[in-house]
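Reviewing the structure listed below.
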Amino acid sequence: MLIDYKNKKILIIDDFSSFRRLMIRMLESFGAKNIDDAYSGDVAIQKMQDKAYDIILCDYNLGHDKKDGQQILEEAKHRNLIRYSSIFIMLTAENTMPMVMGAVEYQPDDYMIKPITKEMLTRRLEKNIKRKADFEEIENAIRSKEYMRAISLCEERAKNNPRYMLEYLRLKGDLCITTGLYDQAVSVFNEVLAMREIPWAKMGMGKVHFHREEYLMAIDMFRSVLDENKTYMEAYDWLAKTLQELGSLEEAQQVLLTATEISPKAILRHQTIGDISYKIDDYDTAEKAFKSAITIGKHSCFKSPSYYTGLARTMIKKDSSDEALTVLGSARNEFKANREALFQTVAMQGVVYKELNREEEAKKAIHEATRLLEKLSGRIPVDASLDLARVCFDLGEKDKGMEFVQNVVKNNHDNDKVLGMVQEVFRDARLEEEGADIVAAAKKEVIQMNNQGVGLIEEGKLKEAIEYFEKAAKGLPENKIINANAAQAFIMYMQKTGANDRYLYLASQFLDRIKNIDPSYDKYQKLLNMYERVAVSGKSPVG
């Protein structure tokens with residue numbers, strides 16, 4: 001296969017200009033014309049935002065206290081800056097190879113050890129370009145949310161290109177899980193496992209069991225993967241997640257601690273260890289985990305205020321409330337431009353001030369959080385809202401406490417786990433009976449709101465339904481039923497008037513919310529199919 005590099009968009013990331021120039025000369029000798037370079041992670045991410053690269057060559061070590069190659073890969077994948085058909089090759093000095101291989105959460109397509117020769121680079125690029133050549137059409141379908149078409153393309157390519165059949169089947173299986181087609185996913189993984197025992201197929205089966213709430217079968221699958229491969233990091237996370245669903249928190253904690261010994265830079269895993277350890281009163285481990293998450297997250301896209309609030313909550317339990325305030329002060333400075341982060345931080349400050357019997361400052365925190373809540377249109381953190389409600393009830397600010405609780409209930413009116421947390425807050429405040437009435441009233445309000453919008457759809461008043469559900473979803477961004485009906489209103493309107501970019505975009509936003517809240521929601525698959533048919537049917541001007 002003769003590779004045409006002339007139209008390939010290439011990015012070289014290395015902190016040494018001499019090495020970047022060397023790589024540029026090599027690639028130019030292959031015929032490459034469109035080559036960019038970056039000396040740091042921040043510059044690289046900015047360039048990836050501006051251009052979709054076909055090939056990325058990235059050094060692992062980009063200098064002390066700077067974003068490293070693994071963090072660039074994590075952020076690029078997390079923000080969808082790298083296409084499935086793109087090639088990401090990690091470059092490293094030999095003495096850092098064990099460190100690179102220890103960070104196996106997001107795998108690059110290949111590794112190359114410096115010094116790099118022209119012949120080495122040619123072989124690696126050709127191997128990876130050949131492997132990825134047929135994935136671009138599938139990727140375009142996925143980006144357009146044409147999942148059924150993407151699945152059909154995977155099936156077609158698996159039959160016609162046996163050399164890469166397993167890669168197509170793997171992608172098909174992942175797509176089936178993403179879209180809630182669990183029966184099809186099982187068929188794919190069984191087909192693969194009938195050929196040979198492949199870890200990713202077992203992982204896929206385990207995920208299907210998890211989504212179907214077949215937790216014991218899921219555990220068997222994840223343990224089987226780890227018995228065969230102790231470095232399959234995803235299996236540790238899913239095993240721990242499943243154990244948590246069964247209430248086996250101590251065992252889940254041990255599973256994740258084992259994983260961090262193998263792969264110490266997984267920031268989200270440290271956060272989960274902190275959360276679990278706090279729940280089982282292991283505050284020393286919780287403190288260590290949250291501090292690790294903060295340190296590792298300094299240059300990560302996964303940096304979150306929840307690491308700081310988790311650490312502050314832990315320090316309260318360790319009778320170190322003053323240290324908790326210091327941690328939260330750091331969080332306020334770190335996330336000062338982020339309203340949601342500020343809301344979480346202020347909520348925890350209210351808790352700390354209450355613990356320190358600084359009631360006036362606690363009340364100020366409550367009022368600041370209330371103002372922030374009014375301005376938030378995105379995800380409202382449940383834990384932070386309920387923490388604030390507790391403080392309000394303790395300080396006699398009952399009405400404000402009820403306001404925070406009502407917000408949680410309205411966004412999660414069909415989520416039994418969250419409603420159980422709400423009931424616990426009322427129980428602790430000795431407001432069980434009144435709390436039950438508040439929950440019932442909030443649930444009734446959401447149901448009536450939803451029914452009114454559904455009525456507009458059923459009457460064919462689709463334009464009015466769009467406006468109604470768009471407003472409702474803005475106020476209840478975490479309510480999957482409201483978001484589902486918002487998506488349905490937009491899709492049905494486009495079925496009638498023709499598709500247009502604005503409405504396709506808005507419908508896709510509501511669908512993404514549903515996927516993030518509950519990908520197993522039965523209406524999600526139906527809406528995806530409706531969306532795909534509208535998206536490929538052509539566009540007309542906005543009605």
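Each chain in the structure tokens gets a letter, A, B, ..., in the order shown, and its residues are numbered from 1; ligands are numbered from 1 in order too.
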DSSP on the backbone, then: every residue of stretch 3-232 of chain A marked helix (DSSP H, G or I), written as a CSV table (one decimal) with N, CA and C atoms, in the first residue's frame.
```csv
chain,number,residue,atom,x,y,z
A,17,SER,N,12.9,22.0,20.3
A,17,SER,CA,12.7,22.4,18.9
A,17,SER,C,13.6,21.7,17.9
A,18,SER,N,14.8,21.2,18.3
A,18,SER,CA,15.7,20.5,17.4
A,18,SER,C,15.0,19.1,17.0
A,19,PHE,N,14.3,18.5,18.0
A,19,PHE,CA,13.7,17.2,17.7
A,19,PHE,C,12.5,17.5,16.7
A,20,ARG,N,11.7,18.6,17.0
A,20,ARG,CA,10.6,18.9,16.1
A,20,ARG,C,11.1,19.1,14.7
A,21,ARG,N,12.2,19.8,14.5
A,21,ARG,CA,12.7,20.1,13.2
A,21,ARG,C,13.2,18.8,12.5
A,22,LEU,N,13.8,17.9,13.3
A,22,LEU,CA,14.2,16.6,12.7
A,22,LEU,C,13.0,15.8,12.2
A,23,MET,N,11.9,15.8,13.0
A,23,MET,CA,10.8,15.0,12.6
A,23,MET,C,10.1,15.7,11.4
A,24,ILE,N,10.1,17.0,11.3
A,24,ILE,CA,9.5,17.7,10.2
A,24,ILE,C,10.3,17.3,8.9
A,25,ARG,N,11.6,17.3,9.0
A,25,ARG,CA,12.4,17.0,7.8
A,25,ARG,C,12.1,15.6,7.3
A,26,MET,N,12.0,14.6,8.3
A,26,MET,CA,11.7,13.2,7.9
A,26,MET,C,10.4,13.1,7.2
A,27,LEU,N,9.4,13.8,7.8
A,27,LEU,CA,8.0,13.7,7.2
A,27,LEU,C,7.9,14.4,5.8
A,28,GLU,N,8.7,15.5,5.7
A,28,GLU,CA,8.7,16.2,4.4
A,28,GLU,C,9.4,15.3,3.3
A,29,SER,N,10.3,14.4,3.8
A,29,SER,CA,10.9,13.5,2.8
A,29,SER,C,10.0,12.4,2.3
A,41,GLY,N,1.8,21.0,25.9
A,41,GLY,CA,0.4,20.4,25.9
A,41,GLY,C,-0.7,21.4,25.6
A,42,ASP,N,-0.6,22.6,26.2
A,42,ASP,CA,-1.6,23.6,26.0
A,42,ASP,C,-1.7,24.0,24.5
A,43,VAL,N,-0.5,24.2,24.0
A,43,VAL,CA,-0.4,24.6,22.5
A,43,VAL,C,-1.0,23.5,21.7
A,44,ALA,N,-0.6,22.3,22.0
A,44,ALA,CA,-1.1,21.1,21.2
A,44,ALA,C,-2.6,21.0,21.2
A,45,ILE,N,-3.2,21.1,22.4
A,45,ILE,CA,-4.7,21.0,22.5
A,45,ILE,C,-5.3,22.1,21.7
A,46,GLN,N,-4.8,23.4,21.8
A,46,GLN,CA,-5.4,24.5,21.0
A,46,GLN,C,-5.3,24.2,19.5
A,47,LYS,N,-4.2,23.6,19.0
A,47,LYS,CA,-4.1,23.3,17.6
A,47,LYS,C,-5.0,22.2,17.2
A,48,MET,N,-5.3,21.2,18.1
A,48,MET,CA,-6.2,20.1,17.8
A,48,MET,C,-7.6,20.7,17.8
A,49,GLN,N,-7.9,21.7,18.6
A,49,GLN,CA,-9.2,22.3,18.5
A,49,GLN,C,-9.5,23.0,17.2
A,50,ASP,N,-8.4,23.5,16.6
A,50,ASP,CA,-8.5,24.3,15.4
A,50,ASP,C,-8.4,23.4,14.1
A,69,GLY,N,2.4,13.8,27.8
A,69,GLY,CA,1.8,13.2,26.6
A,69,GLY,C,0.6,12.4,26.9
A,70,GLN,N,0.6,11.7,28.0
A,70,GLN,CA,-0.6,10.9,28.4
A,70,GLN,C,-1.8,11.8,28.7
A,71,GLN,N,-1.5,12.9,29.4
A,71,GLN,CA,-2.6,13.9,29.7
A,71,GLN,C,-3.1,14.5,28.4
A,72,ILE,N,-2.3,14.8,27.5
A,72,ILE,CA,-2.7,15.3,26.2
A,72,ILE,C,-3.7,14.3,25.5
A,73,LEU,N,-3.3,13.0,25.5
A,73,LEU,CA,-4.1,12.0,24.9
A,73,LEU,C,-5.4,11.9,25.6
A,74,GLU,N,-5.4,11.9,26.9
A,74,GLU,CA,-6.7,11.8,27.7
A,74,GLU,C,-7.6,13.0,27.3
A,75,GLU,N,-7.1,14.2,27.3
A,75,GLU,CA,-7.9,15.4,27.1
A,75,GLU,C,-8.4,15.4,25.7
A,76,ALA,N,-7.6,15.0,24.7
A,76,ALA,CA,-8.0,15.0,23.3
A,76,ALA,C,-9.1,14.0,23.1
A,77,LYS,N,-9.0,12.8,23.7
A,77,LYS,CA,-10.0,11.8,23.5
A,77,LYS,C,-11.3,12.2,24.3
A,78,HIS,N,-11.1,12.7,25.5
A,78,HIS,CA,-12.3,13.1,26.3
A,78,HIS,C,-13.1,14.2,25.6
A,94,GLU,N,13.8,5.7,26.3
A,94,GLU,CA,13.7,4.3,26.8
A,94,GLU,C,13.5,4.2,28.3
A,95,ASN,N,14.2,5.1,29.1
A,95,ASN,CA,14.1,5.1,30.6
A,95,ASN,C,12.7,5.5,31.1
A,96,THR,N,11.9,6.1,30.3
A,96,THR,CA,10.5,6.4,30.8
A,96,THR,C,9.5,5.4,30.3
A,97,MET,N,9.9,4.4,29.6
A,97,MET,CA,8.9,3.5,29.0
A,97,MET,C,8.1,2.8,30.1
A,98,PRO,N,8.6,2.3,31.2
A,98,PRO,CA,7.8,1.7,32.2
A,98,PRO,C,6.7,2.7,32.8
A,99,MET,N,7.1,4.0,32.9
A,99,MET,CA,6.2,5.0,33.4
A,99,MET,C,5.0,5.2,32.4
A,100,VAL,N,5.4,5.2,31.1
A,100,VAL,CA,4.4,5.3,30.1
A,100,VAL,C,3.4,4.1,30.1
A,101,MET,N,4.0,2.9,30.2
A,101,MET,CA,3.2,1.7,30.1
A,101,MET,C,2.3,1.6,31.4
A,102,GLY,N,2.7,2.3,32.5
A,102,GLY,CA,1.9,2.2,33.7
A,102,GLY,C,0.7,3.1,33.6
A,118,LYS,N,14.4,7.2,10.2
A,118,LYS,CA,13.4,7.3,9.1
A,118,LYS,C,12.8,6.0,8.8
A,119,GLU,N,13.5,4.9,8.9
A,119,GLU,CA,13.0,3.6,8.6
A,119,GLU,C,12.0,3.2,9.6
A,120,MET,N,12.3,3.4,10.9
A,120,MET,CA,11.3,3.1,12.0
A,120,MET,C,10.0,3.8,11.8
A,121,LEU,N,10.1,5.1,11.5
A,121,LEU,CA,8.9,5.9,11.4
A,121,LEU,C,8.1,5.5,10.2
A,122,THR,N,8.8,5.1,9.1
A,122,THR,CA,8.0,4.7,7.9
A,122,THR,C,7.2,3.4,8.2
A,123,ARG,N,7.9,2.4,8.9
A,123,ARG,CA,7.2,1.2,9.2
A,123,ARG,C,6.0,1.4,10.1
A,124,ARG,N,6.2,2.2,11.2
A,124,ARG,CA,5.1,2.4,12.1
A,124,ARG,C,3.9,3.1,11.5
A,125,LEU,N,4.2,4.2,10.7
A,125,LEU,CA,3.1,4.9,10.1
A,125,LEU,C,2.4,4.1,9.1
A,126,GLU,N,3.1,3.4,8.3
A,126,GLU,CA,2.4,2.5,7.3
A,126,GLU,C,1.5,1.5,8.0
A,127,LYS,N,2.0,0.8,9.0
A,127,LYS,CA,1.2,-0.2,9.7
A,127,LYS,C,0.0,0.4,10.2
A,128,ASN,N,0.0,1.6,10.9
A,128,ASN,CA,-1.1,2.2,11.5
A,128,ASN,C,-2.1,2.8,10.5
A,129,ILE,N,-1.6,3.4,9.4
A,129,ILE,CA,-2.4,4.0,8.4
A,129,ILE,C,-3.2,2.9,7.7
A,130,LYS,N,-2.6,1.7,7.4
A,130,LYS,CA,-3.3,0.6,6.8
A,130,LYS,C,-4.4,0.1,7.7
A,131,ARG,N,-4.1,0.0,8.9
A,131,ARG,CA,-5.1,-0.5,9.9
A,131,ARG,C,-6.3,0.4,10.0
A,132,LYS,N,-6.1,1.7,9.9
A,132,LYS,CA,-7.2,2.7,10.2
A,132,LYS,C,-7.9,3.2,8.9
A,133,ALA,N,-7.4,2.8,7.7
A,133,ALA,CA,-7.9,3.4,6.5
A,133,ALA,C,-9.4,3.3,6.3
A,134,ASP,N,-10.0,2.2,6.7
A,134,ASP,CA,-11.4,2.0,6.4
A,134,ASP,C,-12.3,2.5,7.5
A,135,PHE,N,-11.8,3.2,8.5
A,135,PHE,CA,-12.7,3.6,9.6
A,135,PHE,C,-13.3,4.9,9.5
A,136,GLU,N,-12.8,5.7,8.5
A,136,GLU,CA,-13.3,7.1,8.4
A,136,GLU,C,-14.8,7.2,8.1
A,137,GLU,N,-15.3,6.4,7.2
A,137,GLU,CA,-16.8,6.5,6.9
A,137,GLU,C,-17.6,6.1,8.2
A,138,ILE,N,-17.1,5.1,8.9
A,138,ILE,CA,-17.8,4.7,10.2
A,138,ILE,C,-17.8,5.8,11.2
A,139,GLU,N,-16.6,6.4,11.3
A,139,GLU,CA,-16.5,7.5,12.2
A,139,GLU,C,-17.4,8.7,11.9
A,140,ASN,N,-17.5,9.0,10.6
A,140,ASN,CA,-18.4,10.1,10.2
A,140,ASN,C,-19.8,9.8,10.6
A,141,ALA,N,-20.2,8.6,10.5
A,141,ALA,CA,-21.6,8.2,10.8
A,141,ALA,C,-21.8,8.3,12.3
A,142,ILE,N,-20.8,8.0,13.1
A,142,ILE,CA,-20.9,8.1,14.6
A,142,ILE,C,-21.0,9.6,15.0
A,143,ARG,N,-20.1,10.4,14.4
A,143,ARG,CA,-20.2,11.8,14.7
A,143,ARG,C,-21.5,12.5,14.4
A,147,TYR,N,-26.0,6.0,14.3
A,147,TYR,CA,-25.4,4.8,14.9
A,147,TYR,C,-25.8,3.5,14.2
A,148,MET,N,-27.1,3.5,13.7
A,148,MET,CA,-27.5,2.2,13.0
A,148,MET,C,-26.7,2.1,11.7
A,149,ARG,N,-26.4,3.2,11.0
A,149,ARG,CA,-25.6,3.1,9.8
A,149,ARG,C,-24.2,2.7,10.2
A,150,ALA,N,-23.6,3.2,11.3
A,150,ALA,CA,-22.3,2.9,11.7
A,150,ALA,C,-22.2,1.4,12.0
A,151,ILE,N,-23.2,0.9,12.7
A,151,ILE,CA,-23.3,-0.6,13.0
A,151,ILE,C,-23.3,-1.4,11.7
A,152,SER,N,-24.1,-1.0,10.8
A,152,SER,CA,-24.2,-1.7,9.5
A,152,SER,C,-22.9,-1.7,8.8
A,153,LEU,N,-22.2,-0.5,8.8
A,153,LEU,CA,-20.9,-0.4,8.2
A,153,LEU,C,-19.9,-1.4,8.8
A,154,CYS,N,-19.9,-1.5,10.1
A,154,CYS,CA,-19.0,-2.4,10.9
A,154,CYS,C,-19.3,-3.8,10.4
A,155,GLU,N,-20.6,-4.2,10.3
A,155,GLU,CA,-20.9,-5.6,9.8
A,155,GLU,C,-20.4,-5.8,8.4
A,156,GLU,N,-20.6,-4.9,7.6
A,156,GLU,CA,-20.2,-5.0,6.2
A,156,GLU,C,-18.6,-5.1,6.1
A,157,ARG,N,-17.9,-4.2,6.8
A,157,ARG,CA,-16.5,-4.3,6.7
A,157,ARG,C,-15.9,-5.6,7.4
A,158,ALA,N,-16.6,-6.0,8.4
A,158,ALA,CA,-16.1,-7.3,9.1
A,158,ALA,C,-16.1,-8.4,8.1
A,159,LYS,N,-17.2,-8.5,7.3
A,159,LYS,CA,-17.3,-9.6,6.3
A,159,LYS,C,-16.3,-9.4,5.1
A,160,ASN,N,-16.1,-8.2,4.7
A,160,ASN,CA,-15.3,-7.9,3.5
A,160,ASN,C,-13.8,-7.7,3.8
A,162,PRO,N,-11.5,-9.4,6.4
A,162,PRO,CA,-11.3,-10.4,7.5
A,162,PRO,C,-10.0,-10.0,8.3
A,163,ARG,N,-9.0,-9.3,7.7
A,163,ARG,CA,-7.8,-9.0,8.5
A,163,ARG,C,-8.1,-8.2,9.7
A,164,TYR,N,-9.1,-7.3,9.6
A,164,TYR,CA,-9.4,-6.4,10.7
A,164,TYR,C,-10.8,-6.7,11.2
A,165,MET,N,-11.3,-7.9,11.0
A,165,MET,CA,-12.6,-8.3,11.4
A,165,MET,C,-12.8,-8.0,12.9
A,166,LEU,N,-11.9,-8.4,13.7
A,166,LEU,CA,-12.1,-8.3,15.2
A,166,LEU,C,-12.2,-6.8,15.6
A,167,GLU,N,-11.5,-5.9,14.9
A,167,GLU,CA,-11.5,-4.5,15.3
A,167,GLU,C,-12.9,-4.0,14.9
A,168,TYR,N,-13.5,-4.4,13.8
A,168,TYR,CA,-14.8,-3.9,13.4
A,168,TYR,C,-15.9,-4.5,14.4
A,169,LEU,N,-15.7,-5.7,14.8
A,169,LEU,CA,-16.6,-6.3,15.7
A,169,LEU,C,-16.6,-5.7,17.1
A,170,ARG,N,-15.4,-5.3,17.5
A,170,ARG,CA,-15.2,-4.6,18.7
A,170,ARG,C,-15.9,-3.3,18.7
A,171,LEU,N,-15.8,-2.5,17.6
A,171,LEU,CA,-16.4,-1.2,17.5
A,171,LEU,C,-18.0,-1.4,17.4
A,172,LYS,N,-18.4,-2.5,16.7
A,172,LYS,CA,-19.8,-2.7,16.6
A,172,LYS,C,-20.4,-3.0,18.0
A,173,GLY,N,-19.7,-3.9,18.8
A,173,GLY,CA,-20.1,-4.2,20.1
A,173,GLY,C,-20.2,-3.0,21.0
A,174,ASP,N,-19.2,-2.1,20.9
A,174,ASP,CA,-19.2,-0.9,21.7
A,174,ASP,C,-20.4,0.0,21.3
A,175,LEU,N,-20.7,0.1,20.0
A,175,LEU,CA,-21.8,0.9,19.6
A,175,LEU,C,-23.2,0.4,20.1
A,176,CYS,N,-23.3,-0.9,20.1
A,176,CYS,CA,-24.5,-1.6,20.5
A,176,CYS,C,-24.7,-1.3,22.0
A,177,ILE,N,-23.7,-1.3,22.8
A,177,ILE,CA,-23.8,-0.9,24.2
A,177,ILE,C,-24.2,0.5,24.4
A,178,THR,N,-23.5,1.4,23.6
A,178,THR,CA,-23.8,2.8,23.7
A,178,THR,C,-25.2,3.1,23.4
A,182,TYR,N,-28.6,-4.2,23.7
A,182,TYR,CA,-27.8,-5.2,24.5
A,182,TYR,C,-27.9,-6.6,23.9
A,183,ASP,N,-29.0,-7.0,23.3
A,183,ASP,CA,-29.1,-8.3,22.6
A,183,ASP,C,-28.1,-8.4,21.5
A,184,GLN,N,-28.0,-7.4,20.7
A,184,GLN,CA,-27.1,-7.4,19.6
A,184,GLN,C,-25.7,-7.4,20.1
A,185,ALA,N,-25.4,-6.6,21.2
A,185,ALA,CA,-24.1,-6.6,21.7
A,185,ALA,C,-23.7,-8.0,22.2
A,186,VAL,N,-24.6,-8.7,22.9
A,186,VAL,CA,-24.3,-10.1,23.3
A,186,VAL,C,-24.0,-11.0,22.1
A,187,SER,N,-24.7,-10.8,21.0
A,187,SER,CA,-24.4,-11.7,19.8
A,187,SER,C,-23.0,-11.4,19.3
A,188,VAL,N,-22.6,-10.1,19.3
A,188,VAL,CA,-21.3,-9.8,18.8
A,188,VAL,C,-20.2,-10.4,19.7
A,189,PHE,N,-20.3,-10.3,21.0
A,189,PHE,CA,-19.3,-10.8,21.9
A,189,PHE,C,-19.3,-12.3,21.9
A,190,ASN,N,-20.4,-12.9,21.8
A,190,ASN,CA,-20.5,-14.4,21.7
A,190,ASN,C,-19.8,-14.9,20.4
A,191,GLU,N,-20.0,-14.1,19.4
A,191,GLU,CA,-19.3,-14.5,18.1
A,191,GLU,C,-17.8,-14.5,18.2
A,192,VAL,N,-17.3,-13.4,18.9
A,192,VAL,CA,-15.9,-13.3,19.1
A,192,VAL,C,-15.4,-14.4,20.0
A,193,LEU,N,-16.1,-14.6,21.1
A,193,LEU,CA,-15.6,-15.6,22.1
A,193,LEU,C,-15.7,-17.0,21.6
A,194,ALA,N,-16.5,-17.2,20.6
A,194,ALA,CA,-16.5,-18.6,20.0
A,194,ALA,C,-15.3,-18.8,19.2
A,195,MET,N,-14.6,-17.7,18.7
A,195,MET,CA,-13.4,-17.9,18.0
A,195,MET,C,-12.2,-18.1,19.0
A,199,PRO,N,-10.0,-10.7,25.8
A,199,PRO,CA,-10.5,-9.9,27.0
A,199,PRO,C,-11.5,-8.8,26.7
A,200,TRP,N,-11.4,-8.1,25.6
A,200,TRP,CA,-12.4,-7.0,25.4
A,200,TRP,C,-13.8,-7.5,25.1
A,201,ALA,N,-13.9,-8.8,24.6
A,201,ALA,CA,-15.2,-9.4,24.4
A,201,ALA,C,-15.8,-9.7,25.7
A,202,LYS,N,-15.0,-10.3,26.6
A,202,LYS,CA,-15.5,-10.6,28.0
A,202,LYS,C,-15.9,-9.3,28.7
A,203,MET,N,-15.1,-8.2,28.5
A,203,MET,CA,-15.4,-6.9,29.1
A,203,MET,C,-16.8,-6.5,28.6
A,204,GLY,N,-17.0,-6.6,27.3
A,204,GLY,CA,-18.3,-6.2,26.7
A,204,GLY,C,-19.4,-7.0,27.3
A,205,MET,N,-19.2,-8.3,27.5
A,205,MET,CA,-20.3,-9.1,28.1
A,205,MET,C,-20.6,-8.7,29.5
A,206,GLY,N,-19.5,-8.4,30.2
A,206,GLY,CA,-19.6,-7.9,31.6
A,206,GLY,C,-20.4,-6.6,31.7
A,207,LYS,N,-20.1,-5.7,30.8
A,207,LYS,CA,-20.9,-4.4,30.8
A,207,LYS,C,-22.4,-4.6,30.5
A,208,VAL,N,-22.7,-5.5,29.6
A,208,VAL,CA,-24.1,-5.8,29.3
A,208,VAL,C,-24.7,-6.4,30.5
A,209,HIS,N,-24.1,-7.3,31.2
A,209,HIS,CA,-24.7,-7.8,32.4
A,209,HIS,C,-24.9,-6.7,33.5
A,210,PHE,N,-23.9,-5.8,33.5
A,210,PHE,CA,-24.1,-4.7,34.5
A,210,PHE,C,-25.3,-3.8,34.2
A,211,HIS,N,-25.4,-3.5,32.9
A,211,HIS,CA,-26.5,-2.6,32.5
A,211,HIS,C,-27.9,-3.3,32.7
A,215,TYR,N,-25.6,-8.4,38.2
A,215,TYR,CA,-24.4,-8.0,38.8
A,215,TYR,C,-23.4,-9.2,39.1
A,216,LEU,N,-23.9,-10.3,39.6
A,216,LEU,CA,-23.1,-11.5,39.9
A,216,LEU,C,-22.4,-12.0,38.6
A,217,MET,N,-23.2,-12.0,37.5
A,217,MET,CA,-22.6,-12.5,36.2
A,217,MET,C,-21.6,-11.5,35.7
A,218,ALA,N,-21.8,-10.2,35.9
A,218,ALA,CA,-20.9,-9.2,35.6
A,218,ALA,C,-19.6,-9.3,36.3
A,219,ILE,N,-19.7,-9.6,37.6
A,219,ILE,CA,-18.5,-9.8,38.4
A,219,ILE,C,-17.7,-11.0,37.9
A,220,ASP,N,-18.3,-12.1,37.6
A,220,ASP,CA,-17.6,-13.2,37.1
A,220,ASP,C,-16.8,-12.9,35.8
A,221,MET,N,-17.5,-12.1,34.9
A,221,MET,CA,-16.8,-11.7,33.7
A,221,MET,C,-15.6,-10.8,33.9
A,222,PHE,N,-15.7,-9.8,34.8
A,222,PHE,CA,-14.6,-8.9,35.1
A,222,PHE,C,-13.5,-9.6,35.8
A,223,ARG,N,-13.8,-10.5,36.7
A,223,ARG,CA,-12.8,-11.3,37.4
A,223,ARG,C,-12.0,-12.2,36.4
A,224,SER,N,-12.8,-12.8,35.5
A,224,SER,CA,-12.2,-13.7,34.5
A,224,SER,C,-11.2,-12.9,33.6
A,225,VAL,N,-11.5,-11.6,33.3
A,225,VAL,CA,-10.6,-10.8,32.5
A,225,VAL,C,-9.3,-10.6,33.3
A,226,LEU,N,-9.4,-10.2,34.6
A,226,LEU,CA,-8.3,-9.9,35.4
A,226,LEU,C,-7.4,-11.2,35.7
A,227,ASP,N,-8.1,-12.3,35.8
A,227,ASP,CA,-7.3,-13.6,36.0
A,227,ASP,C,-6.4,-13.8,34.8
A,228,GLU,N,-6.8,-13.4,33.6
A,228,GLU,CA,-5.9,-13.6,32.4
A,228,GLU,C,-5.0,-12.5,32.2
```
Residues near stretch 327-330 of chain A, anyone? I mean within 12 Å using only C-alpha atoms, not counting same-chain ones fewer than 5 positions away, as a PyMOL selection string.
chain A and resi 287+290-291+294+305-316+320-322+335-336+341-353
Closest of A:Ala365, A:Ala487, A:Gly420, A:Val439 to A:Gly453 - atom-to-atom distances counting only C-alpha atoms:
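That would be A:Ala487, the residue with the smallest distance to A:Gly453.
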Between atom CA of A:Asp383 and atom CA of A:Gln509, what is the distance, to one decimal in Å?
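Separation of atom CA of A:Asp383 and atom CA of A:Gln509: 24.3 Å.
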Residue neighbourhood A:Ala286, 6 Å, only C-alpha atoms, exclusion window fewer than 5 positions, as a list in words
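These residues fall inside the cut-off: Gly274, Ser277 and Tyr278 of chain A.
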Would you mind reading off the distance between atom CA of A:Glu323 and atom CA of A:Thr260, one decimal, in Å?
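Separation of atom CA of A:Glu323 and atom CA of A:Thr260: 26.0 Å.
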